[in-house]
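upload_10.txt (compact mmCIF, C-alpha atoms)
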```
# COMPACT_ATOMS: atom_id res chain seq x y z
CA MET A 1 13.23 -37.26 -11.31
CA PRO A 2 16.49 -35.45 -12.09
CA GLU A 3 19.77 -36.92 -11.00
CA ILE A 4 20.72 -35.24 -7.74
CA LYS A 5 24.23 -33.87 -7.51
CA THR A 6 25.57 -34.14 -3.96
CA ARG A 7 28.57 -32.59 -2.30
CA PRO A 8 30.42 -33.69 0.80
CA ARG A 9 29.03 -32.13 3.94
CA SER A 10 31.71 -29.95 5.47
CA ALA A 11 31.89 -27.40 8.24
CA ASP A 12 33.96 -25.25 5.90
CA ALA A 13 31.69 -25.45 2.88
CA GLY A 14 30.06 -22.23 1.79
CA THR A 15 32.09 -19.92 4.04
CA GLY A 16 34.78 -17.55 2.91
CA ALA A 17 38.39 -18.00 3.99
CA GLY A 18 37.76 -21.55 5.22
CA THR A 19 36.02 -20.48 8.41
CA ALA A 20 33.52 -22.65 10.23
CA LYS A 21 29.78 -22.15 10.04
CA PRO A 22 28.36 -20.12 12.93
CA ALA A 23 27.01 -21.94 15.93
CA SER A 24 23.73 -20.05 15.96
CA HIS A 25 20.10 -21.07 16.38
CA LEU A 26 19.29 -18.59 13.60
CA HIS A 27 21.72 -20.24 11.18
CA PRO A 28 22.01 -24.01 11.68
CA PRO A 29 24.74 -25.97 9.86
CA GLY A 30 24.04 -26.24 6.15
CA SER A 31 23.97 -29.26 3.89
CA PHE A 32 23.21 -30.11 0.26
CA ASP A 33 21.55 -33.34 1.44
CA LEU A 34 17.79 -32.90 1.78
CA ALA A 35 17.64 -35.61 4.46
CA ASP A 36 19.85 -33.49 6.75
CA HIS A 37 17.11 -30.85 7.02
CA GLU A 38 14.12 -31.61 9.20
CA VAL A 39 10.69 -30.62 7.96
CA PRO A 40 9.81 -27.36 9.77
CA THR A 41 6.87 -27.35 12.15
CA GLY A 42 6.67 -23.60 12.77
CA ARG A 43 8.04 -23.89 16.30
CA GLU A 44 11.63 -23.33 15.15
CA GLU A 45 13.01 -19.83 15.60
CA VAL A 46 13.73 -19.48 11.87
CA TRP A 47 10.18 -20.46 10.92
CA ARG A 48 8.02 -19.08 13.71
CA PHE A 49 6.88 -16.02 11.73
CA THR A 50 6.14 -17.92 8.49
CA PRO A 51 2.63 -19.31 7.84
CA LEU A 52 3.76 -22.73 6.65
CA LYS A 53 0.40 -23.78 5.23
CA ARG A 54 0.63 -20.95 2.73
CA LEU A 55 3.91 -22.31 1.34
CA ARG A 56 1.89 -24.89 -0.65
CA GLY A 57 4.17 -27.75 0.30
CA LEU A 58 7.49 -26.17 -0.67
CA HIS A 59 8.73 -26.84 2.88
CA ASP A 60 7.76 -30.49 3.29
CA GLY A 61 7.98 -32.08 -0.16
CA SER A 62 4.22 -32.26 -0.67
CA ALA A 63 4.09 -29.59 -3.37
CA PRO A 64 2.68 -31.04 -6.61
CA SER A 65 4.85 -30.84 -9.71
CA GLY A 66 3.83 -29.16 -12.92
CA GLY A 67 4.61 -25.51 -12.30
CA LYS A 68 6.29 -23.50 -15.01
CA VAL A 69 8.83 -20.69 -14.75
CA VAL A 70 10.69 -19.28 -17.75
CA VAL A 71 14.03 -17.47 -17.41
CA ASP A 72 15.13 -14.87 -19.95
CA VAL A 73 18.37 -12.85 -19.83
CA ASP A 74 18.84 -9.48 -21.53
CA ALA A 75 22.56 -8.73 -21.47
CA PRO A 76 25.12 -6.79 -23.52
CA ALA A 77 27.36 -8.78 -25.86
CA GLU A 78 30.33 -8.60 -23.49
CA VAL A 79 28.43 -10.55 -20.80
CA GLY A 80 28.39 -14.35 -20.91
CA VAL A 81 25.06 -16.13 -20.52
CA GLU A 82 24.81 -19.93 -20.28
CA THR A 83 22.21 -22.55 -19.47
CA VAL A 84 23.98 -25.43 -17.71
CA GLY A 85 23.14 -28.75 -16.14
CA ARG A 86 23.32 -29.81 -12.53
CA ASP A 87 26.88 -31.10 -12.95
CA ASP A 88 28.41 -27.66 -13.60
CA ALA A 89 31.23 -27.27 -11.06
CA ARG A 90 30.43 -23.63 -10.35
CA LEU A 91 27.04 -24.37 -8.86
CA GLY A 92 27.06 -24.63 -5.09
CA GLY A 93 30.43 -22.90 -4.86
CA VAL A 94 29.11 -19.87 -2.96
CA TYR A 95 26.22 -21.15 -0.89
CA LEU A 96 25.19 -24.09 1.28
CA PRO A 97 21.47 -24.78 1.84
CA GLY A 98 20.58 -23.73 5.38
CA ASP A 99 17.00 -24.94 5.51
CA ARG A 100 14.60 -27.46 4.02
CA VAL A 101 13.19 -25.21 1.30
CA SER A 102 16.61 -24.23 -0.02
CA ALA A 103 17.72 -27.88 0.00
CA GLN A 104 14.52 -28.88 -1.80
CA ALA A 105 15.21 -26.28 -4.48
CA TRP A 106 18.79 -27.59 -4.81
CA THR A 107 17.69 -31.20 -5.28
CA SER A 108 14.82 -30.32 -7.64
CA PHE A 109 16.15 -27.93 -10.28
CA THR A 110 17.08 -29.44 -13.66
CA GLU A 111 19.08 -26.63 -15.25
CA ALA A 112 20.65 -23.38 -14.09
CA THR A 113 21.34 -19.97 -15.57
CA VAL A 114 24.95 -18.74 -15.33
CA VAL A 115 25.79 -15.08 -15.98
CA THR A 116 29.46 -14.06 -16.25
CA ILE A 117 30.79 -10.50 -16.25
CA PRO A 118 34.46 -10.88 -17.28
CA SER A 119 37.35 -9.20 -15.48
CA GLU A 120 37.61 -5.41 -15.86
CA VAL A 121 34.48 -5.26 -18.02
CA ARG A 122 31.89 -2.51 -17.54
CA PRO A 123 28.71 -3.54 -19.38
CA SER A 124 26.99 -0.73 -21.26
CA LYS A 125 23.62 -1.39 -19.61
CA PRO A 126 22.19 -3.44 -16.74
CA VAL A 127 22.01 -7.20 -17.05
CA VAL A 128 18.33 -8.13 -16.58
CA VAL A 129 17.37 -11.68 -15.61
CA THR A 130 13.59 -12.03 -15.94
CA VAL A 131 12.02 -14.93 -14.06
CA ARG A 132 8.46 -15.26 -15.35
CA GLY A 133 5.96 -17.59 -13.71
CA GLU A 134 3.44 -19.09 -16.12
CA ASN A 135 1.73 -21.70 -13.95
CA ALA A 136 1.23 -21.67 -10.17
CA GLU A 137 -0.83 -24.88 -9.97
CA GLY A 138 2.34 -26.89 -9.33
CA ALA A 139 5.73 -26.08 -7.84
CA SER A 140 8.76 -25.01 -9.86
CA TYR A 141 12.41 -24.66 -8.85
CA GLY A 142 15.31 -22.61 -10.12
CA HIS A 143 19.00 -21.87 -9.74
CA THR A 144 21.06 -18.88 -10.90
CA PHE A 145 24.80 -18.23 -10.63
CA VAL A 146 26.21 -14.73 -11.24
CA ASP A 147 29.98 -14.45 -11.54
CA VAL A 148 31.28 -10.86 -11.40
CA GLN A 149 34.99 -11.26 -11.97
CA ALA A 150 37.87 -9.13 -10.67
CA TYR A 151 37.62 -5.35 -11.15
CA ALA A 152 34.44 -5.59 -13.21
CA GLU A 153 31.62 -3.08 -12.65
CA ALA A 154 28.03 -4.06 -13.32
CA VAL A 155 24.34 -3.73 -12.47
CA VAL A 156 22.37 -6.99 -12.31
CA VAL A 157 18.57 -7.01 -12.02
CA LEU A 158 16.54 -10.08 -11.09
CA ASP A 159 12.94 -9.38 -12.10
CA HIS A 160 10.34 -11.85 -10.76
CA VAL A 161 6.96 -11.49 -12.49
CA GLY A 162 3.94 -13.58 -13.42
CA THR A 163 2.24 -16.29 -11.36
CA ALA A 164 4.18 -19.11 -9.71
CA THR A 165 4.74 -21.39 -6.74
CA PHE A 166 8.51 -21.09 -6.79
CA ALA A 167 11.60 -21.91 -4.74
CA ASP A 168 15.08 -21.00 -5.92
CA ASN A 169 18.69 -20.35 -4.97
CA VAL A 170 20.83 -17.53 -6.40
CA GLU A 171 24.61 -17.29 -5.97
CA PHE A 172 26.71 -14.16 -6.48
CA SER A 173 30.48 -14.51 -6.66
CA ILE A 174 32.02 -11.02 -6.53
CA GLY A 175 35.68 -10.94 -7.50
CA GLU A 176 38.50 -8.85 -6.07
CA GLY A 177 38.03 -5.12 -6.55
CA ALA A 178 34.71 -5.55 -8.38
CA GLN A 179 31.83 -3.14 -7.92
CA VAL A 180 28.31 -4.43 -8.46
CA THR A 181 24.73 -3.42 -7.76
CA VAL A 182 22.21 -6.26 -7.52
CA VAL A 183 18.48 -5.48 -7.55
CA SER A 184 16.08 -8.34 -6.84
CA MET A 185 12.50 -7.33 -7.62
CA GLN A 186 9.64 -9.51 -6.39
CA ASP A 187 6.80 -8.08 -8.47
CA TRP A 188 4.71 -11.25 -8.65
CA ALA A 189 1.03 -11.36 -9.55
CA ASP A 190 -1.53 -11.93 -6.81
CA GLY A 191 -1.62 -15.51 -5.58
CA SER A 192 2.07 -16.29 -6.15
CA VAL A 193 4.33 -17.93 -3.58
CA HIS A 194 8.11 -17.43 -3.65
CA ALA A 195 10.69 -18.78 -1.22
CA GLY A 196 14.10 -17.56 -2.34
CA HIS A 197 17.64 -17.83 -1.02
CA GLN A 198 20.37 -15.47 -2.23
CA ALA A 199 24.02 -15.89 -1.26
CA VAL A 200 26.67 -13.23 -1.90
CA ARG A 201 30.44 -13.71 -1.49
CA VAL A 202 32.33 -10.41 -1.49
CA GLY A 203 35.95 -10.53 -2.65
CA ARG A 204 38.91 -8.54 -1.38
CA ASP A 205 38.31 -4.78 -1.68
CA ALA A 206 35.08 -5.43 -3.61
CA ARG A 207 31.91 -3.37 -3.12
CA VAL A 208 28.41 -4.77 -3.39
CA ARG A 209 25.06 -3.03 -3.16
CA HIS A 210 22.27 -5.62 -2.81
CA VAL A 211 18.69 -4.38 -3.05
CA ASN A 212 15.46 -6.31 -2.36
CA VAL A 213 12.20 -4.80 -3.62
CA THR A 214 9.01 -6.72 -2.81
CA PHE A 215 5.50 -5.67 -3.79
CA GLY A 216 3.64 -8.63 -5.27
CA GLY A 217 2.64 -12.16 -4.36
CA ASP A 218 0.55 -13.83 -1.69
CA LEU A 219 3.58 -15.01 0.32
CA VAL A 220 7.19 -14.02 -0.38
CA ARG A 221 10.07 -15.13 1.86
CA ILE A 222 13.56 -14.01 0.81
CA TYR A 223 16.68 -15.02 2.73
CA THR A 224 19.89 -13.13 1.86
CA HIS A 225 23.32 -14.19 3.11
CA VAL A 226 26.52 -12.14 2.70
CA GLU A 227 30.04 -13.32 3.55
CA TYR A 228 33.53 -12.08 2.71
CA ALA A 229 36.41 -13.65 0.82
CA GLY A 230 39.11 -11.15 1.75
CA VAL A 231 39.83 -7.99 3.69
CA GLY A 232 38.41 -4.64 2.62
CA GLY A 233 35.11 -5.95 1.24
CA GLU A 234 32.03 -3.75 1.60
CA ALA A 235 28.36 -4.74 1.44
CA GLU A 236 25.38 -2.40 1.42
CA MET A 237 22.00 -4.09 1.74
CA LEU A 238 18.91 -2.05 0.95
CA GLY A 239 15.27 -3.11 0.94
CA LEU A 240 11.86 -1.72 0.09
CA TYR A 241 8.54 -3.53 0.57
CA PHE A 242 4.83 -2.65 0.58
CA ALA A 243 2.29 -5.13 1.96
CA ASP A 244 -1.41 -5.01 1.16
CA ALA A 245 -4.34 -6.79 2.80
CA GLY A 246 -3.60 -10.47 3.34
CA GLN A 247 -0.04 -10.39 2.02
CA HIS A 248 2.86 -11.95 3.93
CA LEU A 249 6.23 -10.43 2.96
CA GLU A 250 9.27 -11.75 4.83
CA HIS A 251 12.92 -10.73 4.52
CA ARG A 252 15.66 -12.46 6.48
CA LEU A 253 19.27 -11.25 6.28
CA PHE A 254 22.54 -12.64 7.56
CA VAL A 255 25.82 -10.73 7.26
CA ASP A 256 28.78 -12.91 8.22
CA HIS A 257 31.83 -10.75 9.00
CA ASN A 258 34.36 -13.54 8.67
CA ASP A 259 37.30 -11.37 7.55
CA PRO A 260 38.91 -8.30 9.16
CA HIS A 261 38.48 -4.71 7.98
CA THR A 262 35.19 -5.38 6.19
CA LYS A 263 32.08 -3.19 6.21
CA SER A 264 28.35 -3.64 6.00
CA ASN A 265 25.32 -1.37 6.13
CA VAL A 266 21.71 -2.58 6.12
CA GLU A 267 18.68 -0.36 5.57
CA TYR A 268 15.19 -1.74 4.89
CA LYS A 269 11.95 0.24 4.75
CA GLY A 270 8.43 -1.11 4.56
CA ALA A 271 4.85 0.13 4.47
CA LEU A 272 1.71 -1.82 5.34
CA GLN A 273 -1.98 -1.26 4.68
CA GLY A 274 -5.18 -3.30 4.85
CA SER A 275 -6.51 -6.13 6.99
CA LYS A 276 -3.97 -8.83 7.89
CA ALA A 277 -1.13 -7.29 5.92
CA ASN A 278 1.92 -8.87 7.53
CA THR A 279 5.66 -8.21 7.18
CA VAL A 280 8.68 -9.81 8.79
CA TRP A 281 12.20 -8.43 8.84
CA ILE A 282 14.93 -10.42 10.61
CA GLY A 283 18.43 -8.95 10.44
CA ASP A 284 21.45 -10.73 11.88
CA VAL A 285 25.09 -9.66 11.83
CA LEU A 286 27.77 -12.04 13.06
CA ILE A 287 31.18 -10.55 13.90
CA ARG A 288 33.64 -13.40 14.20
CA LYS A 289 36.66 -13.39 16.47
CA ALA A 290 38.97 -12.95 13.48
CA ALA A 291 36.96 -10.00 12.10
CA GLU A 292 38.84 -7.16 13.78
CA GLY A 293 38.45 -3.60 12.56
CA ILE A 294 35.03 -4.09 10.96
CA GLN A 295 32.14 -1.62 10.74
CA THR A 296 28.48 -2.56 10.60
CA TYR A 297 25.04 -1.07 11.13
CA GLU A 298 21.52 -2.32 10.40
CA ASN A 299 18.24 -0.41 10.41
CA ASN A 300 14.63 -1.35 9.69
CA ARG A 301 11.73 1.14 9.55
CA ASN A 302 8.05 0.28 9.08
CA LEU A 303 5.19 2.65 8.37
CA MET A 304 1.66 1.50 9.28
CA LEU A 305 -0.88 3.18 6.99
CA THR A 306 -4.06 1.55 8.35
CA ASP A 307 -5.19 -0.52 11.29
CA GLY A 308 -5.29 -4.30 10.98
CA CYS A 309 -1.65 -4.79 9.85
CA ARG A 310 1.28 -6.26 11.71
CA ALA A 311 5.03 -5.72 11.30
CA HIS A 312 7.63 -7.93 12.96
CA SER A 313 11.12 -6.44 13.15
CA VAL A 314 14.00 -8.23 14.89
CA PRO A 315 17.58 -6.88 14.53
CA ASN A 316 20.36 -9.04 15.97
CA LEU A 317 24.10 -8.64 16.60
CA GLU A 318 26.38 -11.54 17.48
CA ILE A 319 29.80 -10.20 18.49
CA GLU A 320 32.81 -12.41 19.19
CA THR A 321 35.47 -9.69 19.37
CA GLY A 322 35.62 -6.21 20.86
CA GLU A 323 38.31 -5.05 18.43
CA ILE A 324 35.91 -3.38 16.02
CA VAL A 325 35.38 0.15 14.68
CA GLY A 326 31.65 0.14 15.30
CA ALA A 327 28.48 -1.95 15.34
CA GLY A 328 24.86 -1.07 15.95
CA HIS A 329 21.26 -1.62 14.97
CA ALA A 330 17.89 0.12 15.10
CA SER A 331 14.26 -0.68 14.41
CA THR A 332 11.15 1.54 14.36
CA THR A 333 7.51 0.79 13.61
CA GLY A 334 4.81 3.44 13.74
CA ARG A 335 1.98 5.32 12.08
CA PHE A 336 2.06 8.63 10.22
CA ASP A 337 3.77 11.53 11.91
CA ASP A 338 0.90 13.79 13.00
CA GLU A 339 3.09 16.87 12.79
CA GLN A 340 4.02 16.15 9.17
CA LEU A 341 0.40 15.64 8.20
CA PHE A 342 -0.72 18.76 10.09
CA TYR A 343 1.96 20.85 8.38
CA LEU A 344 0.86 19.71 4.91
CA GLN A 345 -2.85 20.04 5.61
CA SER A 346 -2.38 23.50 7.13
CA ARG A 347 -1.11 24.58 3.71
CA GLY A 348 -4.24 23.45 1.94
CA ILE A 349 -3.17 19.94 0.93
CA PRO A 350 -6.06 17.43 1.25
CA SER A 351 -5.68 14.57 3.74
CA ASP A 352 -5.23 11.74 1.17
CA GLU A 353 -2.68 13.76 -0.82
CA ALA A 354 -0.78 14.63 2.37
CA ARG A 355 -0.56 10.93 3.23
CA ARG A 356 0.76 10.17 -0.25
CA LEU A 357 3.44 12.81 0.03
CA VAL A 358 4.60 11.45 3.38
CA VAL A 359 4.85 7.90 2.01
CA HIS A 360 6.70 9.08 -1.12
CA GLY A 361 9.15 10.92 1.12
CA PHE A 362 9.55 7.80 3.24
CA PHE A 363 10.64 5.74 0.22
CA ALA A 364 12.15 8.32 -2.16
CA ASP A 365 15.55 8.68 -0.48
CA LEU A 366 16.02 4.92 -0.51
CA VAL A 367 14.93 4.62 -4.16
CA ARG A 368 17.41 7.30 -5.23
CA HIS A 369 20.15 5.65 -3.18
CA ILE A 370 19.77 2.45 -5.20
CA GLY A 371 21.55 4.29 -7.98
CA VAL A 372 19.86 2.63 -10.96
CA PRO A 373 18.05 5.37 -12.94
CA GLU A 374 16.36 2.78 -15.17
CA LEU A 375 14.42 1.49 -12.15
CA GLU A 376 13.60 4.69 -10.25
CA ASP A 377 10.46 5.60 -12.20
CA ARG A 378 9.18 2.03 -12.03
CA LEU A 379 9.64 1.81 -8.28
CA LEU A 380 8.00 5.15 -7.55
CA ALA A 381 5.13 4.23 -9.88
CA ALA A 382 4.70 0.95 -7.98
CA VAL A 383 4.52 2.88 -4.69
CA GLU A 384 1.89 5.16 -6.23
CA ALA A 385 -0.13 2.15 -7.41
CA GLU A 386 -0.06 0.70 -3.90
CA LEU A 387 -1.21 3.99 -2.44
CA GLU A 388 -4.18 4.06 -4.81
CA ARG A 389 -5.52 1.06 -2.92
CA SER A 390 -5.56 2.96 0.35
CA VAL A 391 -7.68 5.88 -0.90
CA GLY A 392 -10.71 6.10 1.35
CA LEU A 393 -9.31 3.77 4.01
CA PRO A 394 -9.12 5.25 7.51
CA PRO A 395 -5.55 5.96 8.62
CA ALA A 396 -3.87 3.98 11.37
CA SER A 397 -4.86 4.98 14.87
CA SER A 398 -2.35 5.79 17.59
CA GLY A 399 -2.80 2.29 18.97
CA VAL A 400 -1.15 0.57 16.03
CA GLY A 401 2.09 -1.20 16.91
CA ALA A 402 4.44 -3.98 15.96
```
Let me see whether you can do it: turn the structure in this file into structure tokens.
Amino acid sequence: MPEIKTRPRSADAGTGAGTAKPASHLHPPGSFDLADHEVPTGREEVWRFTPLKRLRGLHDGSAPSGGKVVVDVDAPAEVGVETVGRDDARLGGVYLPGDRVSAQAWTSFTEATVVTIPSEVRPSKPVVVTVRGENAEGASYGHTFVDVQAYAEAVVVLDHVGTATFADNVEFSIGEGAQVTVVSMQDWADGSVHAGHQAVRVGRDARVRHVNVTFGGDLVRIYTHVEYAGVGGEAEMLGLYFADAGQHLEHRLFVDHNDPHTKSNVEYKGALQGSKANTVWIGDVLIRKAAEGIQTYENNRNLMLTDGCRAHSVPNLEIETGEIVGAGHASTTGRFDDEQLFYLQSRGIPSDEARRLVVHGFFADLVRHIGVPELEDRLLAAVEAELERSVGLPPASSGVGA
């Protein structure tokens, strides 16, 4: 059993500018101490959509050991890459475990990967951190810390592949004036389980684009938390997911506007097909009393391709001050647009091909907006591969809903 590094429990820990943690049933006070987190039962608001039995014990400590995950980093020479022990002072500097799974991952990892992009450096190519699962029979745990220092510009890709039962925490420290795009790809093999927590701290006048892409795995649950460490910070959070029969894909987001004159924009799109395909999107934006002059908007759209799927979409706004530029949210879940399909078919395009074109159009704008040419072809090819599975399946009827 590895030696467990503990930190004092503090109301100020893990929040930018020394502000207190939110008093919210969606975001209970955090702690590095596993004993401070009750084992979830599924009746809690933050767990009610998650099929706990499919987590294979990651939530209650019953997961057997013996899993294997290998981390490999492909980075230009100007980027620092280290493997460090639990006692490295940087670890835990950005995030505070907010639930039992995150705390379990914190107490269970033995070494962490630290990636450093030095000040004012612009790496010549994306930094790719490949997390490869090689054994899902037992649980494995991980920790990654990405330090993008002041005025640096970088693209960082987290690529999750292979087979695993995996829980991890990832921290992103974004320095003043830095500009970074983070792409987290969950492209696991069938049968994998991944419960991940990603925390992003945005420095003064820094800009972050954080992208979640989830296709693979049996159950994937990703929680992403953004907070600010100075005025003028901007965060754009994009997401793309495609659930097949039996898959459970869950994305939970929390944007904590704890500094004034900050911005955030959230846009997630998902498609579902096949029996018991299930997706969950929970978006929450907290605008603190001190966060005057902020702008925020969140949007989630789900496209039901067949009957038998279910999409849960819950946008939330918590507003403590009226002195803001703007705040809003939207959520839509529906089947194919009959008019779009009729238009395409009236021009001689077969039904299956018309459906493919509509889905490609649904995702293409978001894929291009990610702004990483190296990934565009891969993402569109993944969408095409998912659509191949729906050939011959009857389309969703008008009765499909969330």
Protein and nucleic acid residues near (5.6, -22.5, 9.2) (cut-off 7 Å, only C-alpha atoms) as number ranges by chain: A: 40-42, 47-48, 50-53
Counting only C-alpha atoms, which residues come within 9 Å of (24.0, -16.5, -21.9), with the point read in the file's coordinates, and could you list them as a CSV table (one decimal) with C-alpha atoms, in the coordinates of the input?
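Okay, this is what ended up in result-v9.csv:
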```csv
chain,number,residue,atom,x,y,z
A,73,VAL,CA,18.4,-12.8,-19.8
A,74,ASP,CA,18.8,-9.5,-21.5
A,75,ALA,CA,22.6,-8.7,-21.5
A,79,VAL,CA,28.4,-10.6,-20.8
A,80,GLY,CA,28.4,-14.4,-20.9
A,81,VAL,CA,25.1,-16.1,-20.5
A,82,GLU,CA,24.8,-19.9,-20.3
A,83,THR,CA,22.2,-22.6,-19.5
A,113,THR,CA,21.3,-20.0,-15.6
A,114,VAL,CA,25.0,-18.7,-15.3
A,115,VAL,CA,25.8,-15.1,-16.0
A,116,THR,CA,29.5,-14.1,-16.2
```
Contacts of A:Glu176 within 12 Å, only C-alpha atoms, excl. fewer than 6 positions in-chain, as a list in words: Ser119, Glu120, Asp147, Val148, Gln149, Ala150, Tyr151, Ala152, Glu153, Arg201, Val202, Gly203, Arg204, Asp205, Ala206, Arg207, Val208, Tyr228, Ala229, Gly230, Val231, Gly232, Gly233 and Glu234 of chain A
Test item: residues at most 9 Å from stretch 238-253 of chain A, all atoms listed in the file, excluding those fewer than 3 positions along its chain, as a PyMOL selection string: chain A and resi 49-51+209-226+265-285+300+308-309+363+366-367+369-370+383+386+389
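Taking atom CA of A:Glu111 and atom CA of A:Gly142 as the two end points, the separation is 7.5 Å.
Distances here use all atoms listed in the file; by that measure, the residue among A:Glu339, A:Trp188, A:Ala35, A:Leu380 closest to A:Arg368 is A:Leu380.
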From A:Ile294, A:Ala112, A:Ala77, A:Ala330, residue lying nearest A:Val314 [only C-alpha atoms]: A:Ala330
Point-to-point distance in Å for atom CA of A:Val101 and atom CA of A:Val193: 12.5 Å
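Atom CA of A:Phe32 is found 19.8 Å from atom CA of A:Asp256.
For A:His59, the list of residues within 8 Å, based on only C-alpha atoms and with local chain neighbours fewer than 2 positions off taken out, reads Val39, Pro40, Leu52, Leu55, Arg56, Gly57, Gly61, Ser62, Arg100, Val101 and Gln104 of chain A.
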Around stretch 56-64 of chain A, fit a box with edges along x, y and z, padding it by 6 Å on each side, then list its centre and edge lengths in Å to one decimal as JSON.
```
{"center_x": 5.3, "center_y": -28.6, "center_z": -1.7, "size_x": 18.8, "size_y": 19.4, "size_z": 21.9}
```
Contacts of stretch 325-327 of chain A at 6 Å (only C-alpha atoms; same-chain gap of 4+ positions) as a list in words: Gly293, Ile294, Gln295, Thr296 and Tyr297 of chain A
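Residue nearest A:Pro64, chosen from A:Pro29, A:Gly138, A:Gly175, A:Gly93 and counting only C-alpha atoms: A:Gly138.
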